[in-house]
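Presented below is the structure to which this report refers.
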Amino acid sequence: GSCSDRRQSTSSQRRPTTIPHLPPHARRLQMLGSSIQHNSTARGLASRESEFEALLTDPGAATSISRVSASEFAADDATALAACAEPFLVAGTLTGWRGSERWHSVETLLDAYGDLTFSLAHDVTVTLREYAVYARSTGADCPYYLVERRFEDGRAALLDDFAPPPPFSDDLFRYVPGSRSARYWFCGGPRSGTFLHADPLCTAAWNAVTCGAKRWCFLPPETDLASLGLDVFRDGARQIASAWFVDELPRLQCFAAEGRVRMVEVVQRAGELVYIPAGWYHAVLNLGPLTVAVSQNFVAPAALPRIWPTLLAREATFAAVLTDMLEHCRPDVAAALPARESAGCGKAS
């Protein structure tokens, strides 16, 4: 049928998926907390393994992501990559991380951090070992996704396991109060992921996988989402990343083949890093039995001229704060910015 016929109904009447022959502990972990979204099996997505396994196949050349060599990424002038306006993937750059050893398999991860506790929701706290059992046993369409951003107590040890890759280490975002929250450690089972969205505050990001795999779909900032029938993530909305890849990705692939949309795709595997430029929409799905990754949002000095007009238009308050911080901490960068009035300072609102 046509591309518009590819969308599947979200009101499927499939019977809830159950996982047989599990020990009592694992059966208890199939349902966690009070979240309807994270416990629902209404779509029966856990029974559609072949569709998700197919997502491990690399996309065709027409939509495949650009690749940067490890030598190019390690070159002295590699900081220019932090201002790149296109997504790219680079392999072989994580060898110096302690996380490359501790996070490279479920076994090594649990040996190092299995007893650490993580909050999945306001009413759900589990150890990492319990989460690993939950991730492989749940039949939920949209399982809980472990996203650590506070790094408090024992979880602070995770910060010693990685460092920003050199091309992304000069991060202007670090001068803004509260920017520590821009670091994220991810651990997710099958069907977990993130719905289509663009990162906030005109930040770019890097994302490195050490175990498992992720499927990415990127759309450039100028994409007319409404004309494609697409929505972006909204707090409180029941939006399911796994359903997005089942329902929307085939439509977009069809549209891309017809020249109606520009799209970039990639399967990111262990040891590979993906760069997400500011403003690009992206949806991400975890494909391995357990996928472990770390990410950080950042603003590179070389990217600031390109993103500054959008930052002023959409995030005037943040632009003003950033200008103030740079005048004190990075006068070399601040000197190249427009006058303070352009950042929303000195004018009545």
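The chains in the structure tokens are called A, B, ... from first to last as shown; in each chain the residues are counted from 1, and the ligands are counted from 1 in the order shown.
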Do you know which residues are at most 6 Å from stretch 124-141 of chain A counting only C-alpha atoms, after dropping those on the same chain fewer than 2 positions away, and could you put them as an mmCIF file with all heavy atoms, in the first residue's frame?
data_model
loop_
_atom_site.group_PDB
_atom_site.id
_atom_site.type_symbol
_atom_site.label_atom_id
_atom_site.label_comp_id
_atom_site.auth_asym_id
_atom_site.auth_seq_id
_atom_site.Cartn_x
_atom_site.Cartn_y
_atom_site.Cartn_z
ATOM 1 N N THR A 17 1.244 -10.091 26.701
ATOM 2 C CA THR A 17 2.299 -11.088 26.621
ATOM 3 C C THR A 17 2.726 -11.509 28.016
ATOM 4 O O THR A 17 2.930 -10.669 28.897
ATOM 5 C CB THR A 17 3.510 -10.511 25.875
ATOM 6 O OG1 THR A 17 3.081 -10.140 24.565
ATOM 7 C CG2 THR A 17 4.632 -11.517 25.778
ATOM 8 N N LEU A 29 9.015 -9.004 39.075
ATOM 9 C CA LEU A 29 9.574 -7.832 38.418
ATOM 10 C C LEU A 29 8.949 -7.555 37.053
ATOM 11 O O LEU A 29 9.284 -6.575 36.412
ATOM 12 C CB LEU A 29 11.090 -7.996 38.254
ATOM 13 C CG LEU A 29 11.908 -7.860 39.545
ATOM 14 C CD1 LEU A 29 13.351 -8.246 39.291
ATOM 15 C CD2 LEU A 29 11.821 -6.466 40.125
ATOM 16 N N GLN A 30 8.054 -8.430 36.581
ATOM 17 C CA GLN A 30 7.396 -8.146 35.311
ATOM 18 C C GLN A 30 6.542 -6.892 35.400
ATOM 19 O O GLN A 30 6.348 -6.184 34.422
ATOM 20 C CB GLN A 30 6.517 -9.327 34.886
ATOM 21 C CG GLN A 30 7.306 -10.515 34.372
ATOM 22 C CD GLN A 30 6.380 -11.559 33.804
ATOM 23 O OE1 GLN A 30 5.773 -11.350 32.768
ATOM 24 N NE2 GLN A 30 6.267 -12.671 34.492
ATOM 25 N N GLY A 33 5.703 -0.763 40.000
ATOM 26 C CA GLY A 33 5.122 0.548 40.248
ATOM 27 C C GLY A 33 3.700 0.676 39.744
ATOM 28 O O GLY A 33 3.022 -0.294 39.403
ATOM 29 N N ASN A 39 3.712 -0.528 32.284
ATOM 30 C CA ASN A 39 3.272 -1.887 32.575
ATOM 31 C C ASN A 39 2.307 -2.439 31.533
ATOM 32 O O ASN A 39 1.981 -3.623 31.544
ATOM 33 C CB ASN A 39 2.609 -1.947 33.953
ATOM 34 C CG ASN A 39 3.617 -1.826 35.085
ATOM 35 O OD1 ASN A 39 4.495 -2.666 35.229
ATOM 36 N ND2 ASN A 39 3.512 -0.773 35.879
ATOM 37 N N SER A 40 1.850 -1.592 30.619
ATOM 38 C CA SER A 40 0.850 -2.023 29.646
ATOM 39 C C SER A 40 1.444 -2.995 28.621
ATOM 40 O O SER A 40 2.562 -2.822 28.146
ATOM 41 C CB SER A 40 0.274 -0.811 28.916
ATOM 42 O OG SER A 40 -0.577 -1.224 27.861
ATOM 43 N N THR A 41 0.650 -4.005 28.268
ATOM 44 C CA THR A 41 1.013 -4.945 27.203
ATOM 45 C C THR A 41 -0.030 -4.905 26.083
ATOM 46 O O THR A 41 -0.145 -5.853 25.302
ATOM 47 C CB THR A 41 1.117 -6.375 27.754
ATOM 48 O OG1 THR A 41 -0.151 -6.752 28.325
ATOM 49 C CG2 THR A 41 2.193 -6.476 28.831
ATOM 50 N N LEU A 45 3.781 -5.874 21.882
ATOM 51 C CA LEU A 45 5.034 -5.673 21.143
ATOM 52 C C LEU A 45 6.108 -6.691 21.509
ATOM 53 O O LEU A 45 6.993 -6.980 20.696
ATOM 54 C CB LEU A 45 5.544 -4.253 21.371
ATOM 55 C CG LEU A 45 4.655 -3.140 20.808
ATOM 56 C CD1 LEU A 45 5.228 -1.768 21.158
ATOM 57 C CD2 LEU A 45 4.482 -3.270 19.297
ATOM 58 N N ALA A 46 6.031 -7.245 22.707
ATOM 59 C CA ALA A 46 7.035 -8.242 23.097
ATOM 60 C C ALA A 46 6.952 -9.497 22.240
ATOM 61 O O ALA A 46 7.927 -10.248 22.133
ATOM 62 C CB ALA A 46 6.867 -8.597 24.573
ATOM 63 N N GLY A 114 26.212 -4.207 40.436
ATOM 64 C CA GLY A 114 24.942 -4.905 40.580
ATOM 65 C C GLY A 114 24.131 -4.522 41.794
ATOM 66 O O GLY A 114 22.894 -4.600 41.768
ATOM 67 N N ASP A 115 24.795 -4.092 42.863
ATOM 68 C CA ASP A 115 24.080 -3.760 44.096
ATOM 69 C C ASP A 115 23.725 -2.278 44.217
ATOM 70 O O ASP A 115 23.096 -1.875 45.199
ATOM 71 C CB ASP A 115 24.911 -4.185 45.320
ATOM 72 C CG ASP A 115 25.093 -5.704 45.384
ATOM 73 O OD1 ASP A 115 24.158 -6.421 44.950
ATOM 74 O OD2 ASP A 115 26.158 -6.163 45.838
ATOM 75 N N LEU A 116 24.117 -1.467 43.237
ATOM 76 C CA LEU A 116 23.731 -0.054 43.261
ATOM 77 C C LEU A 116 22.224 0.067 43.049
ATOM 78 O O LEU A 116 21.630 -0.674 42.267
ATOM 79 C CB LEU A 116 24.443 0.726 42.158
ATOM 80 C CG LEU A 116 25.890 1.149 42.378
ATOM 81 C CD1 LEU A 116 26.358 1.993 41.203
ATOM 82 C CD2 LEU A 116 26.047 1.924 43.673
ATOM 83 N N THR A 117 21.610 1.008 43.749
ATOM 84 C CA THR A 117 20.168 1.228 43.592
ATOM 85 C C THR A 117 19.915 2.420 42.669
ATOM 86 O O THR A 117 20.655 3.406 42.686
ATOM 87 C CB THR A 117 19.489 1.479 44.944
ATOM 88 O OG1 THR A 117 20.096 2.614 45.578
ATOM 89 C CG2 THR A 117 19.621 0.263 45.845
ATOM 90 N N PHE A 118 18.852 2.294 41.870
ATOM 91 C CA PHE A 118 18.474 3.325 40.914
ATOM 92 C C PHE A 118 16.979 3.562 41.009
ATOM 93 O O PHE A 118 16.203 2.633 41.238
ATOM 94 C CB PHE A 118 18.828 2.904 39.485
ATOM 95 C CG PHE A 118 20.292 2.784 39.214
ATOM 96 C CD1 PHE A 118 20.966 1.606 39.521
ATOM 97 C CD2 PHE A 118 21.001 3.832 38.660
ATOM 98 C CE1 PHE A 118 22.325 1.482 39.268
ATOM 99 C CE2 PHE A 118 22.353 3.723 38.406
ATOM 100 C CZ PHE A 118 23.022 2.546 38.719
ATOM 101 N N SER A 119 16.578 4.798 40.804
ATOM 102 C CA SER A 119 15.165 5.150 40.797
ATOM 103 C C SER A 119 14.668 5.155 39.362
ATOM 104 O O SER A 119 15.185 5.894 38.519
ATOM 105 C CB SER A 119 14.957 6.521 41.436
ATOM 106 O OG SER A 119 13.593 6.906 41.355
ATOM 107 N N LEU A 120 13.661 4.328 39.085
ATOM 108 C CA LEU A 120 13.048 4.290 37.764
ATOM 109 C C LEU A 120 11.838 5.205 37.679
ATOM 110 O O LEU A 120 11.451 5.639 36.589
ATOM 111 C CB LEU A 120 12.619 2.865 37.414
ATOM 112 C CG LEU A 120 13.703 1.792 37.417
ATOM 113 C CD1 LEU A 120 13.104 0.442 37.039
ATOM 114 C CD2 LEU A 120 14.828 2.156 36.463
ATOM 115 N N ALA A 121 11.207 5.467 38.825
ATOM 116 C CA ALA A 121 10.033 6.333 38.918
ATOM 117 C C ALA A 121 9.880 6.710 40.380
ATOM 118 O O ALA A 121 10.622 6.218 41.245
ATOM 119 C CB ALA A 121 8.784 5.620 38.398
ATOM 120 N N HIS A 122 8.913 7.582 40.675
ATOM 121 C CA HIS A 122 8.767 8.049 42.055
ATOM 122 C C HIS A 122 8.436 6.901 43.005
ATOM 123 O O HIS A 122 8.714 6.980 44.212
ATOM 124 C CB HIS A 122 7.673 9.127 42.139
ATOM 125 C CG HIS A 122 6.292 8.602 41.881
ATOM 126 N ND1 HIS A 122 5.484 8.102 42.836
ATOM 127 C CD2 HIS A 122 5.596 8.484 40.771
ATOM 128 C CE1 HIS A 122 4.336 7.696 42.333
ATOM 129 N NE2 HIS A 122 4.375 7.927 41.053
ATOM 130 N N PRO A 143 8.855 -0.669 28.404
ATOM 131 C CA PRO A 143 9.471 -0.954 29.698
ATOM 132 C C PRO A 143 10.140 0.274 30.305
ATOM 133 O O PRO A 143 10.517 1.215 29.611
ATOM 134 C CB PRO A 143 10.518 -2.025 29.365
ATOM 135 C CG PRO A 143 10.104 -2.594 28.061
ATOM 136 C CD PRO A 143 9.456 -1.459 27.315
ATOM 137 N N GLY A 189 16.618 -2.382 28.437
ATOM 138 C CA GLY A 189 16.359 -3.665 27.816
ATOM 139 C C GLY A 189 15.612 -3.506 26.509
ATOM 140 O O GLY A 189 15.394 -2.388 26.016
#
List as JSON lines every residue of stretch 60-134 of chain A that is in contact with stretch 191-215 of chain A, defined as an atom at most 10 Å from one of its atoms (using only C-alpha atoms), together with the nearest atom pair and the distance in Å rounded to one decimal, sorted by chain and then rising number.
{"residue": "A:Ala82", "atom": "CA", "partner": "A:Ala204", "partner_atom": "CA", "distance": 8.2}
{"residue": "A:Ala83", "atom": "CA", "partner": "A:Ala204", "partner_atom": "CA", "distance": 8.6}
{"residue": "A:Cys84", "atom": "CA", "partner": "A:Ala204", "partner_atom": "CA", "distance": 9.5}
{"residue": "A:Ala85", "atom": "CA", "partner": "A:Ala204", "partner_atom": "CA", "distance": 9.5}
{"residue": "A:Pro87", "atom": "CA", "partner": "A:Trp206", "partner_atom": "CA", "distance": 9.7}
{"residue": "A:Phe88", "atom": "CA", "partner": "A:Trp206", "partner_atom": "CA", "distance": 9.8}
{"residue": "A:Leu89", "atom": "CA", "partner": "A:Asn207", "partner_atom": "CA", "distance": 9.6}
{"residue": "A:Val90", "atom": "CA", "partner": "A:Ala208", "partner_atom": "CA", "distance": 9.5}
{"residue": "A:Ala91", "atom": "CA", "partner": "A:Ala208", "partner_atom": "CA", "distance": 9.4}
{"residue": "A:Thr93", "atom": "CA", "partner": "A:Ala208", "partner_atom": "CA", "distance": 9.2}
{"residue": "A:Leu94", "atom": "CA", "partner": "A:Ala208", "partner_atom": "CA", "distance": 8.0}
{"residue": "A:Trp97", "atom": "CA", "partner": "A:Thr210", "partner_atom": "CA", "distance": 10.0}
{"residue": "A:Gly99", "atom": "CA", "partner": "A:Thr210", "partner_atom": "CA", "distance": 7.5}
{"residue": "A:Ser100", "atom": "CA", "partner": "A:Thr210", "partner_atom": "CA", "distance": 6.0}
{"residue": "A:Glu101", "atom": "CA", "partner": "A:Thr210", "partner_atom": "CA", "distance": 8.6}
{"residue": "A:Arg102", "atom": "CA", "partner": "A:Thr210", "partner_atom": "CA", "distance": 9.1}
{"residue": "A:Trp103", "atom": "CA", "partner": "A:Thr210", "partner_atom": "CA", "distance": 6.0}
{"residue": "A:His104", "atom": "CA", "partner": "A:Cys211", "partner_atom": "CA", "distance": 4.9}
{"residue": "A:Ser105", "atom": "CA", "partner": "A:Cys211", "partner_atom": "CA", "distance": 5.7}
{"residue": "A:Val106", "atom": "CA", "partner": "A:Cys211", "partner_atom": "CA", "distance": 7.8}
{"residue": "A:Leu109", "atom": "CA", "partner": "A:Cys211", "partner_atom": "CA", "distance": 9.4}
Inset, instruction - Write down as a ChimeraX atom specification the residues belonging to stretch 171-306 of chain A that are assigned strand (DSSP E) by DSSP computed on the backbone. - result: /A:183-188,193-197,204-211,213-219,264-269,272-276,281-286,291-298
Legend entry - Residue contacts of stretch 171-186 of chain A (6 Å, only C-alpha atoms) excluding same-chain residues fewer than 6 positions away, as a ChimeraX atom specification: /A:146-149,292-300
Dump N, CA, C and O atoms for the selected residues as a PDB file, in the first residue's frame?
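File produced: part-v4.pdb:
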ATOM      1  N   LEU A 146      16.250   2.809  32.468  1.00  0.00           N
ATOM      2  CA  LEU A 146      17.088   3.330  33.544  1.00  0.00           C
ATOM      3  C   LEU A 146      17.952   4.458  32.981  1.00  0.00           C
ATOM      4  O   LEU A 146      18.832   4.221  32.159  1.00  0.00           O
ATOM      5  N   VAL A 147      17.681   5.675  33.435  1.00  0.00           N
ATOM      6  CA  VAL A 147      18.422   6.856  32.992  1.00  0.00           C
ATOM      7  C   VAL A 147      18.931   7.565  34.246  1.00  0.00           C
ATOM      8  O   VAL A 147      18.146   8.140  35.008  1.00  0.00           O
ATOM      9  N   GLU A 148      20.224   7.503  34.468  1.00  0.00           N
ATOM     10  CA  GLU A 148      20.827   8.122  35.652  1.00  0.00           C
ATOM     11  C   GLU A 148      21.412   9.479  35.278  1.00  0.00           C
ATOM     12  O   GLU A 148      22.205   9.591  34.342  1.00  0.00           O
ATOM     13  N   ARG A 149      21.015  10.504  36.017  1.00  0.00           N
ATOM     14  CA  ARG A 149      21.504  11.852  35.712  1.00  0.00           C
ATOM     15  C   ARG A 149      22.011  12.594  36.940  1.00  0.00           C
ATOM     16  O   ARG A 149      22.596  13.665  36.804  1.00  0.00           O
ATOM     17  N   VAL A 292      23.881  -0.578  27.256  1.00  0.00           N
ATOM     18  CA  VAL A 292      24.472   0.380  28.189  1.00  0.00           C
ATOM     19  C   VAL A 292      25.147   1.479  27.380  1.00  0.00           C
ATOM     20  O   VAL A 292      25.876   1.212  26.422  1.00  0.00           O
ATOM     21  N   ALA A 293      24.898   2.725  27.769  1.00  0.00           N
ATOM     22  CA  ALA A 293      25.463   3.860  27.032  1.00  0.00           C
ATOM     23  C   ALA A 293      25.631   5.037  27.978  1.00  0.00           C
ATOM     24  O   ALA A 293      25.054   5.082  29.072  1.00  0.00           O
ATOM     25  N   VAL A 294      26.408   6.002  27.542  1.00  0.00           N
ATOM     26  CA  VAL A 294      26.577   7.250  28.273  1.00  0.00           C
ATOM     27  C   VAL A 294      26.514   8.388  27.265  1.00  0.00           C
ATOM     28  O   VAL A 294      26.900   8.227  26.103  1.00  0.00           O
ATOM     29  N   SER A 295      25.982   9.525  27.709  1.00  0.00           N
ATOM     30  CA  SER A 295      25.775  10.649  26.798  1.00  0.00           C
ATOM     31  C   SER A 295      25.992  11.950  27.545  1.00  0.00           C
ATOM     32  O   SER A 295      25.880  12.004  28.778  1.00  0.00           O
ATOM     33  N   GLN A 296      26.298  12.974  26.787  1.00  0.00           N
ATOM     34  CA  GLN A 296      26.422  14.307  27.368  1.00  0.00           C
ATOM     35  C   GLN A 296      26.002  15.351  26.335  1.00  0.00           C
ATOM     36  O   GLN A 296      26.397  15.280  25.168  1.00  0.00           O
ATOM     37  N   ASN A 297      25.186  16.290  26.778  1.00  0.00           N
ATOM     38  CA  ASN A 297      24.848  17.450  25.948  1.00  0.00           C
ATOM     39  C   ASN A 297      25.910  18.517  26.132  1.00  0.00           C
ATOM     40  O   ASN A 297      26.468  18.676  27.228  1.00  0.00           O
ATOM     41  N   PHE A 298      26.172  19.269  25.071  1.00  0.00           N
ATOM     42  CA  PHE A 298      27.225  20.267  25.170  1.00  0.00           C
ATOM     43  C   PHE A 298      27.003  21.361  24.124  1.00  0.00           C
ATOM     44  O   PHE A 298      26.235  21.191  23.167  1.00  0.00           O
ATOM     45  N   VAL A 299      27.689  22.479  24.349  1.00  0.00           N
ATOM     46  CA  VAL A 299      27.732  23.577  23.381  1.00  0.00           C
ATOM     47  C   VAL A 299      29.201  23.847  23.091  1.00  0.00           C
ATOM     48  O   VAL A 299      29.945  24.268  23.972  1.00  0.00           O
ATOM     49  N   ALA A 300      29.621  23.605  21.877  1.00  0.00           N
ATOM     50  CA  ALA A 300      31.015  23.810  21.492  1.00  0.00           C
ATOM     51  C   ALA A 300      31.229  25.246  21.029  1.00  0.00           C
ATOM     52  O   ALA A 300      30.359  25.826  20.374  1.00  0.00           O
TER      53      ALA A 300
END
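All residues of protein, DNA or RNA that reach within 9 Å of A:Thr223, judged by only C-alpha atoms and not counting those fewer than 5 positions away in the chain, are Leu228, Val261, Arg262 and Tyr281 of chain A.
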Kindly save the residues from that selection, with all heavy atoms included, as a PDB file, in the first residue's frame.
ATOM      1  N   LEU A 228       4.101  15.399   7.997  1.00  0.00           N
ATOM      2  CA  LEU A 228       4.378  13.961   7.976  1.00  0.00           C
ATOM      3  C   LEU A 228       3.530  13.201   8.975  1.00  0.00           C
ATOM      4  O   LEU A 228       3.661  11.974   9.098  1.00  0.00           O
ATOM      5  CB  LEU A 228       5.859  13.723   8.278  1.00  0.00           C
ATOM      6  CG  LEU A 228       6.867  14.341   7.310  1.00  0.00           C
ATOM      7  CD1 LEU A 228       8.282  14.196   7.845  1.00  0.00           C
ATOM      8  CD2 LEU A 228       6.747  13.694   5.935  1.00  0.00           C
ATOM      9  N   VAL A 261      11.098  13.256   2.294  1.00  0.00           N
ATOM     10  CA  VAL A 261      11.701  13.617   3.568  1.00  0.00           C
ATOM     11  C   VAL A 261      13.171  13.213   3.535  1.00  0.00           C
ATOM     12  O   VAL A 261      13.551  12.254   2.855  1.00  0.00           O
ATOM     13  CB  VAL A 261      10.979  12.928   4.749  1.00  0.00           C
ATOM     14  CG1 VAL A 261      11.207  11.406   4.715  1.00  0.00           C
ATOM     15  CG2 VAL A 261      11.447  13.486   6.094  1.00  0.00           C
ATOM     16  N   ARG A 262      13.973  13.975   4.238  1.00  0.00           N
ATOM     17  CA  ARG A 262      15.387  13.622   4.419  1.00  0.00           C
ATOM     18  C   ARG A 262      15.529  12.954   5.778  1.00  0.00           C
ATOM     19  O   ARG A 262      15.067  13.492   6.793  1.00  0.00           O
ATOM     20  CB  ARG A 262      16.255  14.871   4.345  1.00  0.00           C
ATOM     21  CG  ARG A 262      17.731  14.556   4.486  1.00  0.00           C
ATOM     22  CD  ARG A 262      18.589  15.756   4.170  1.00  0.00           C
ATOM     23  NE  ARG A 262      19.975  15.472   4.496  1.00  0.00           N
ATOM     24  CZ  ARG A 262      20.695  16.169   5.353  1.00  0.00           C
ATOM     25  NH1 ARG A 262      20.180  17.217   5.960  1.00  0.00           N
ATOM     26  NH2 ARG A 262      21.950  15.846   5.604  1.00  0.00           N
ATOM     27  N   TYR A 281      16.006  16.290  15.192  1.00  0.00           N
ATOM     28  CA  TYR A 281      15.068  15.380  15.838  1.00  0.00           C
ATOM     29  C   TYR A 281      15.643  13.967  15.768  1.00  0.00           C
ATOM     30  O   TYR A 281      16.256  13.570  14.770  1.00  0.00           O
ATOM     31  CB  TYR A 281      13.712  15.400  15.127  1.00  0.00           C
ATOM     32  CG  TYR A 281      13.047  16.758  15.105  1.00  0.00           C
ATOM     33  CD1 TYR A 281      13.063  17.543  13.951  1.00  0.00           C
ATOM     34  CD2 TYR A 281      12.400  17.257  16.243  1.00  0.00           C
ATOM     35  CE1 TYR A 281      12.452  18.789  13.926  1.00  0.00           C
ATOM     36  CE2 TYR A 281      11.792  18.509  16.217  1.00  0.00           C
ATOM     37  CZ  TYR A 281      11.825  19.267  15.059  1.00  0.00           C
ATOM     38  OH  TYR A 281      11.214  20.502  15.047  1.00  0.00           O
TER      39      TYR A 281
END
Inset, instruction - Give the alpha helix (DSSP H) residues of stretch 109-287 of chain A, as DSSP finds them on the backbone, and put them as an NGL selection string. - result: :A and (109-113 or 128-137 or 241-247 or 249-257)
Inset, instruction - Would you mind reading off the distance between atom CA of A:Leu219 and atom CA of A:Glu315, one decimal, in Å? - result: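 Between these atoms lies a distance of 21.2 Å.
Minimum atom-to-atom distance to A:Ala257, evaluated using only C-alpha atoms, belongs to A:Ala62 out of A:Ala42, A:Ala226, A:Ala62, A:His282.
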Legend entry - Contact residues around A:Ser242 with only C-alpha atoms at 7 Å, ignoring same-chain residues under 2 positions, as JSON, numbers by chain: {"A": [142, 191, 192, 240, 244, 245, 246, 285]}
Inset, instruction - Measuring atom to atom with only C-alpha atoms, identify which of A:Pro220, A:Ser66, A:Ala75, A:Tyr113 is nearest to A:Gly154. - result: A:Tyr113
Inset, instruction - Could you tell me how far atom CA of A:Pro167 lies from atom CA of A:Ser71, in Å and to one decimal? - result: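 Here the two named atoms are 12.2 Å from each other.
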Legend entry - Atomic distance atom CA of A:Val68 - atom CA of A:Thr95, expressed in Å with one decimal: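 Separation between atom CA of A:Val68 and atom CA of A:Thr95: 16.4 Å.
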Inset, instruction - Considering only C-alpha atoms, state which residue in the set A:Ala70, A:Gln253, A:Thr79, A:Asp224 is at the smallest distance from A:Ser169. - result: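 Residue with the minimum atom-to-atom distance to A:Ser169: A:Thr79.
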May I have the residues within 12 Å of A:Ser227 as a CSV table (one decimal) with N, CA, C and O atoms, in the first residue's frame, using only C-alpha atoms and disregarding those fewer than 6 positions away in the same chain?
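Saved to around34.csv:
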chain,number,residue,atom,x,y,z
A,4,SER,N,1.1,6.2,3.5
A,4,SER,CA,0.1,6.6,4.5
A,4,SER,C,-0.7,5.4,5.1
A,4,SER,O,-1.3,5.5,6.1
A,252,LEU,N,8.4,6.6,7.3
A,252,LEU,CA,9.4,7.5,6.9
A,252,LEU,C,10.4,6.9,5.9
A,252,LEU,O,10.9,7.7,5.0
A,255,PHE,N,8.7,7.4,2.7
A,255,PHE,CA,8.7,8.8,2.3
A,255,PHE,C,10.1,9.2,1.8
A,255,PHE,O,10.3,9.9,0.8
A,260,ARG,N,10.4,12.6,-0.2
A,260,ARG,CA,9.5,13.5,0.5
A,260,ARG,C,10.1,13.9,1.8
A,260,ARG,O,9.6,14.9,2.4
A,261,VAL,N,11.1,13.3,2.3
A,261,VAL,CA,11.7,13.6,3.6
A,261,VAL,C,13.2,13.2,3.5
A,261,VAL,O,13.6,12.3,2.9
